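Structure first, then comments.
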Amino acid sequence: MIKTKGETKMQRYRLPATIVIAALALCTAASAQTFPSKQVRIVVPYAPGGGIDAIARAIATGLGPKWGQSIIVENKPGASTFLGTTQVAKATADGHTLLLTSESTVVSNPYLFDNLPYDVRRDLLPVSLLVSLPQMVVASTAVPARSAAELVELARKDSSKLNYASYGSGSLPHIFFEALNKTAGTAIAQAPYKGIIPAVAAIAGGEVQLTLVGASLARPQIASGKIKPLAVVGGARLTAFPDVATLTESGFAEIDPGESWFGLFVTGGSPADIPARIQKDVAELFSAGEMHEKHVMGRGLTPVFSTPEAFAKRIAAESAGMEKLIKLTGIKGEQ
């Protein structure tokens, strides 16, 4: 077939576009195949020894040989996770600097603090929600209430005899109980502690009456009869406590602060294919065997290991709910 001048000119313009698309595809494939090309850092914005730190070190131990690169864990605690998070947010955007943190960093902090040193949407790229930590509203056995509804009824009659243990301004117990006070017309007072473990010990010892705590941490104390569950936080009842209603079932869906979780991020602007590669390898690492039993099930955690896309959607949904709660309570964070 004889080509017209117009057809020949159009082909000249089509060819560069075809070359560009092919080149982009080759670049994407190349970045996936060559990652990682140097040492990888996992920044943990908490002190060594906790659950997040343990999972980070398990990832470093398990994936180092697979990736053929050393993986180091750096603990950068302090300033409500700002220090460690900023280090990742400002790192070179090549996927080699990871952040392993809890939901507060990206779901709560943007609404608790007026001027964050980073933009969580721009500077952090979601990789995977690794595990969730189901939460429960619990009470001292001296509290006569047996449910969230009975607690509200009791508090409306006399809140002066009820205090709740928190582990800092903007922590999940602080947000939940202040939201309860606002919506139910109660005045349950806060008793701050330096961490959830001393807070739970205070409940068991009768120093305070209430808190919100991870189910895995509460379970031994419930089994020993030192504390009792009033409600489950989140959308579903727990297998370990099938008779304990959720906050939604109890009529408190609008102030449910959601589960706690541990999630993995890379520096924003990193190649788009790298999160999926990391997520796949991490999920496989914890899918079975010793890693699964020791670091997930053995710690009472719920495995998730979501895709980057699913993680991003969950962050968006939880952030919208948390924004409403923090505006309702007027809580401000403290560094």
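Residues are referred to by chain and number: the chain letter is A, B, ... according to the order shown in the structure tokens, the number counts from 1 in that chain, and ligands are numbered separately from 1 in the order shown.
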*asked:* Show me, as a ChimeraX atom specification, the residues that have an atom within 9 Å of range 37-48 of chain A when counting only C-alpha atoms, minus same-chain residues fewer than 2 positions from it.
replied: /A:34-35,50-54,56-57,59-60,64,67-78,80-85,87-88,95-101
Residues of range 96-196 of chain A at most 12 Å from range 205-224 of chain A: nearest atom pair and distance in Å, only C-alpha atoms, as a Markdown table:
| residue | atom | partner | partner_atom | distance |
| --- | --- | --- | --- | --- |
| A:Ser132 | CA | A:Gly214 | CA | 9.7 |
| A:Leu133 | CA | A:Gly214 | CA | 5.9 |
| A:Pro134 | CA | A:Gly214 | CA | 5.6 |
| A:Gln135 | CA | A:Gly214 | CA | 4.2 |
| A:Met136 | CA | A:Val213 | CA | 5.4 |
| A:Val137 | CA | A:Leu212 | CA | 4.5 |
| A:Val138 | CA | A:Thr211 | CA | 5.7 |
| A:Ala139 | CA | A:Leu210 | CA | 4.4 |
| A:Ser140 | CA | A:Gln209 | CA | 4.9 |
| A:Thr141 | CA | A:Gln209 | CA | 8.3 |
| A:Ala142 | CA | A:Gly206 | CA | 7.7 |
| A:Val143 | CA | A:Gln209 | CA | 6.8 |
| A:Pro144 | CA | A:Gln209 | CA | 10.5 |
| A:Ala145 | CA | A:Gln209 | CA | 10.8 |
| A:Ala148 | CA | A:Leu210 | CA | 11.1 |
| A:Leu151 | CA | A:Leu210 | CA | 9.8 |
| A:Ala155 | CA | A:Gln209 | CA | 11.5 |
| A:Ser159 | CA | A:Gln209 | CA | 11.1 |
| A:Ser160 | CA | A:Gln209 | CA | 11.2 |
| A:Lys161 | CA | A:Gln209 | CA | 8.4 |
| A:Leu162 | CA | A:Gln209 | CA | 5.9 |
| A:Asn163 | CA | A:Val208 | CA | 5.5 |
| A:Tyr164 | CA | A:Leu210 | CA | 4.4 |
| A:Ala165 | CA | A:Thr211 | CA | 5.1 |
| A:Ser166 | CA | A:Thr211 | CA | 6.6 |
| A:Tyr167 | CA | A:Thr211 | CA | 9.6 |
| A:Ser171 | CA | A:Leu212 | CA | 9.6 |
| A:Leu172 | CA | A:Leu212 | CA | 7.1 |
| A:Pro173 | CA | A:Leu212 | CA | 4.9 |
| A:His174 | CA | A:Leu212 | CA | 8.7 |
| A:Ile175 | CA | A:Leu212 | CA | 9.9 |
| A:Phe176 | CA | A:Leu212 | CA | 8.0 |
| A:Phe177 | CA | A:Thr211 | CA | 8.3 |
| A:Glu178 | CA | A:Thr211 | CA | 11.7 |
| A:Ile188 | CA | A:Leu210 | CA | 9.2 |
| A:Ala189 | CA | A:Val208 | CA | 9.8 |
| A:Gln190 | CA | A:Val208 | CA | 9.3 |
| A:Ala191 | CA | A:Val208 | CA | 7.5 |
| A:Pro192 | CA | A:Val208 | CA | 10.3 |
| A:Tyr193 | CA | A:Val208 | CA | 10.7 |
| A:Gly195 | CA | A:Val213 | CA | 10.7 |
| A:Ile196 | CA | A:Val213 | CA | 7.2 |
*asked:* Here is a test: counting only C-alpha atoms, which residue of A:Leu116, A:Ser169, A:Ala204, A:Leu230 is nearest to Val152 in chain A?
replied: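 Looking only at the distances to Val152 in chain A, the closest residue turns out to be A:Leu230.
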_Can you measure CA of Lys327 in chain A to CA of Tyr111 in chain A for me? One decimal in Å is fine._
8.1 Å
*asked:* Neighbouring residues of range 283-298 of chain A were defined as those with any atom within 8 Å, considering only C-alpha atoms; residues of the same chain fewer than 6 positions away were excluded. Please report them as a PyMOL selection string.
replied: chain A and resi 54-55+58-59+62-63+131+305
If you take only C-alpha atoms and a cut-off of 12 Å, which residues of range 295-334 of chain A touch range 261-276 of chain A, and what are their nearest atom pairs and distances in Å to one decimal, in chain and number order, as JSON lines?
{"residue": "A:Val296", "atom": "CA", "partner": "A:Phe262", "partner_atom": "CA", "distance": 11.3}
{"residue": "A:Leu301", "atom": "CA", "partner": "A:Trp261", "partner_atom": "CA", "distance": 9.0}
{"residue": "A:Thr302", "atom": "CA", "partner": "A:Trp261", "partner_atom": "CA", "distance": 9.1}
{"residue": "A:Pro303", "atom": "CA", "partner": "A:Trp261", "partner_atom": "CA", "distance": 10.0}
{"residue": "A:Val304", "atom": "CA", "partner": "A:Trp261", "partner_atom": "CA", "distance": 9.6}
{"residue": "A:Phe305", "atom": "CA", "partner": "A:Gly263", "partner_atom": "CA", "distance": 8.7}
{"residue": "A:Ser306", "atom": "CA", "partner": "A:Gly263", "partner_atom": "CA", "distance": 9.4}
{"residue": "A:Thr307", "atom": "CA", "partner": "A:Ala276", "partner_atom": "CA", "distance": 6.9}
{"residue": "A:Pro308", "atom": "CA", "partner": "A:Ala276", "partner_atom": "CA", "distance": 6.4}
{"residue": "A:Glu309", "atom": "CA", "partner": "A:Ala276", "partner_atom": "CA", "distance": 9.0}
{"residue": "A:Ala310", "atom": "CA", "partner": "A:Ala276", "partner_atom": "CA", "distance": 11.2}
{"residue": "A:Phe311", "atom": "CA", "partner": "A:Gly263", "partner_atom": "CA", "distance": 8.5}
{"residue": "A:Ala312", "atom": "CA", "partner": "A:Phe265", "partner_atom": "CA", "distance": 10.4}
{"residue": "A:Arg314", "atom": "CA", "partner": "A:Gly263", "partner_atom": "CA", "distance": 11.2}
{"residue": "A:Ile315", "atom": "CA", "partner": "A:Gly263", "partner_atom": "CA", "distance": 10.1}
{"residue": "A:Glu318", "atom": "CA", "partner": "A:Trp261", "partner_atom": "CA", "distance": 11.5}
Taking 3 positions as the minimum chain separation for residues in the same chain, which residues sit within 7 Å of Lys332 in chain A when counting only C-alpha atoms? Answer as a PDB file with N, CA and C atoms, in the first residue's frame.
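Final output, saved to part_6.pdb:
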ATOM      1  N   LEU A 112      -3.717  15.805  65.508  1.00  0.00           N
ATOM      2  CA  LEU A 112      -3.360  16.169  66.883  1.00  0.00           C
ATOM      3  C   LEU A 112      -2.367  17.321  66.930  1.00  0.00           C
ATOM      4  N   PHE A 113      -1.577  17.476  65.857  1.00  0.00           N
ATOM      5  CA  PHE A 113      -0.527  18.488  65.830  1.00  0.00           C
ATOM      6  C   PHE A 113      -0.762  19.443  64.659  1.00  0.00           C
ATOM      7  N   SER A 169      -1.431  12.024  75.919  1.00  0.00           N
ATOM      8  CA  SER A 169      -2.399  12.821  75.178  1.00  0.00           C
ATOM      9  C   SER A 169      -2.459  12.353  73.734  1.00  0.00           C
ATOM     10  N   GLY A 170      -3.666  12.064  73.267  1.00  0.00           N
ATOM     11  CA  GLY A 170      -3.838  11.574  71.907  1.00  0.00           C
ATOM     12  C   GLY A 170      -3.743  10.073  71.755  1.00  0.00           C
TER      13      GLY A 170
END
Run DSSP on the backbone of this structure and report the residues of range 61-123 of chain A it assigns to strand (DSSP E or B), as an mmCIF file with C-alpha atoms, in the first residue's frame.
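Contents of out_16.cif, freshly written:
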data_model
loop_
_atom_site.group_PDB
_atom_site.id
_atom_site.type_symbol
_atom_site.label_atom_id
_atom_site.label_comp_id
_atom_site.auth_asym_id
_atom_site.auth_seq_id
_atom_site.Cartn_x
_atom_site.Cartn_y
_atom_site.Cartn_z
ATOM 1 C CA ILE A 71 19.158 -4.683 56.459
ATOM 2 C CA ILE A 72 19.646 -2.619 59.586
ATOM 3 C CA VAL A 73 17.064 -1.519 62.135
ATOM 4 C CA GLU A 74 17.402 1.988 63.549
ATOM 5 C CA ASN A 75 15.396 2.967 66.619
ATOM 6 C CA THR A 97 14.596 3.542 53.709
ATOM 7 C CA LEU A 98 11.539 2.013 55.376
ATOM 8 C CA LEU A 99 9.381 3.100 58.298
ATOM 9 C CA LEU A 100 7.708 0.563 60.571
ATOM 10 C CA THR A 101 5.268 2.341 62.849
ATOM 11 C CA SER A 102 1.819 2.275 64.432
#
